[in-house]
Amino acid sequence: MLQALLDTTEKQIYAFLSFCYETNKKDYTMKELSGVFDWKTNKMQSIVQQVEVFRARYPQFTLTYDRLEKEVSIAFSPRFLLSQAYSVLLRGTVGFILLDALFQGDYHSLEQLSQKTFSSPRTIQRKLQELNHVLANYHLSYSLKKVILWQVLNMRSAIFIILPIGKFLMRRTHESWHRSRRKSRL
């Protein structure tokens with residue numbers, strides 16, 4: 001799988017799921033998981049909570065977290081696939097949302113993308129720079145400046161098309177007004 005497309009949170013969820021799936025155990029202690037991933041216990045608890053939230057998007061596993069015993073129980077259904085979990089995780093990333101919007105022709109602006117992903121425009125720019133590294137493997141690149149320039153050029157061409165038509169209509173209206181005025185004087 002191409003891990004570079006995943007954001008940090010999604011990478012952590014995927015690492016957790018793949019470890020649990022490959023070890024094929026049902027119960028894990030937080031101390032054990034913290035040692036495997038080299039994360040602090042608080043960080044591990046946060047990741048388990050994120051996996052619980054992810055379960056709503058991909059319900060092919062069950063996860064219970066006992067906060068008192070600090071123990072995690074996870075069971076995978078026969079229909080669970082790591083590749084499917086990856087694709088569900090990928091659909092929520094900024095890079096995928098951008099590429100999908102470009103492909104569908106729905107991309108309008110950086111601000112709209114930041115609102116759609118609930119991120120700041122600067123965060124979006126940083127994540128898109130990471131996306132450029134992935135696209136470089138396929139001899140592709142993405143530049144916000146070019147898209148913004150393209151939007152401005154489209155706006156300008158629309159103005160240059162609309163302005164002459166508007167001037168022509170205004171001149172016609174002005175001339176017809178003068179003609180009607182001359183006729184009314186006679």
# chains A, B, ... in the order shown; residues from 1 in each chain; ligands from 1

$ residues_around --residues "A:Leu63" --least-positions-apart "6" --cutoff "7 Å" --atoms "only C-alpha atoms" --output "number ranges by chain"
A: 52, 73-75

$ select_by_dssp --residues "stretch 15-44 of chain A" --states "alpha helix (DSSP H)" --output "list in words"
Ala15, Phe16, Leu17, Ser18, Phe19, Cys20, Tyr21, Glu22, Thr23, Met30, Lys31, Glu32, Leu33, Ser34, Gly35, Val36, Phe37, Thr41, Asn42, Lys43 and Met44 of chain A

$ closest_residue --among "A:Leu17, A:Val53, A:Asn137, A:Ser120" --to "A:Phe80" --atoms "only C-alpha atoms"
A:Leu17

$ residues_around --residues "A:Thr8" --least-positions-apart "2" --cutoff "12 Å" --atoms "only C-alpha atoms" --output "list of chain:residue names"
A:Gln3, A:Ala4, A:Leu5, A:Leu6, A:Glu10, A:Lys11, A:Gln12, A:Ile13, A:Tyr14, A:Ala15, A:Ile47, A:Gln50, A:Leu89, A:Leu90, A:Thr93, A:Val94, A:Lys127, A:Glu130

$ closest_residue --among "A:Ala56, A:Leu128, A:Lys43, A:Leu82" --to "A:Phe19" --atoms "only C-alpha atoms"
A:Leu82

$ closest_residue --among "A:Phe76, A:Glu71, A:Ser141, A:Ile97" --to "A:Arg55" --atoms "only C-alpha atoms"
A:Phe76

$ atom_distance --atom1 "atom CA of A:Leu135" --atom2 "atom CA of A:Asp7"
15.6 Å

$ residues_around --residues "stretch 31-33 of chain A" --least-positions-apart "2" --cutoff "10 Å" --atoms "only C-alpha atoms" --output "list in words"
Phe16, Phe19, Cys20, Tyr28, Thr29, Gly35, Val36, Phe37, Asp38, Trp39, Lys40, Thr41, Met44, Gln45, Lys70, Glu71 and Val72 of chain A

$ closest_residue --among "A:Gln84, A:Gln60, A:Arg122, A:Gly92" --to "A:Leu110" --atoms "only C-alpha atoms"
A:Arg122

$ closest_residue --among "A:Gln112, A:Ser87, A:Thr23, A:Thr123" --to "A:Arg57" --atoms "only C-alpha atoms"
A:Ser87

$ select_by_dssp --residues "stretch 4-160 of chain A" --states "strand (DSSP E or B)" --output "list of chain:residue names"
A:Asp27, A:Tyr28, A:Thr29, A:Phe61, A:Thr62, A:Leu63, A:Thr64, A:Tyr65, A:Asp66, A:Glu71, A:Val72, A:Ser73, A:Ile74, A:Ala75, A:Phe76

$ atom_distance --atom1 "atom CA of A:Asp66" --atom2 "atom CA of A:Pro78"
24.1 Å
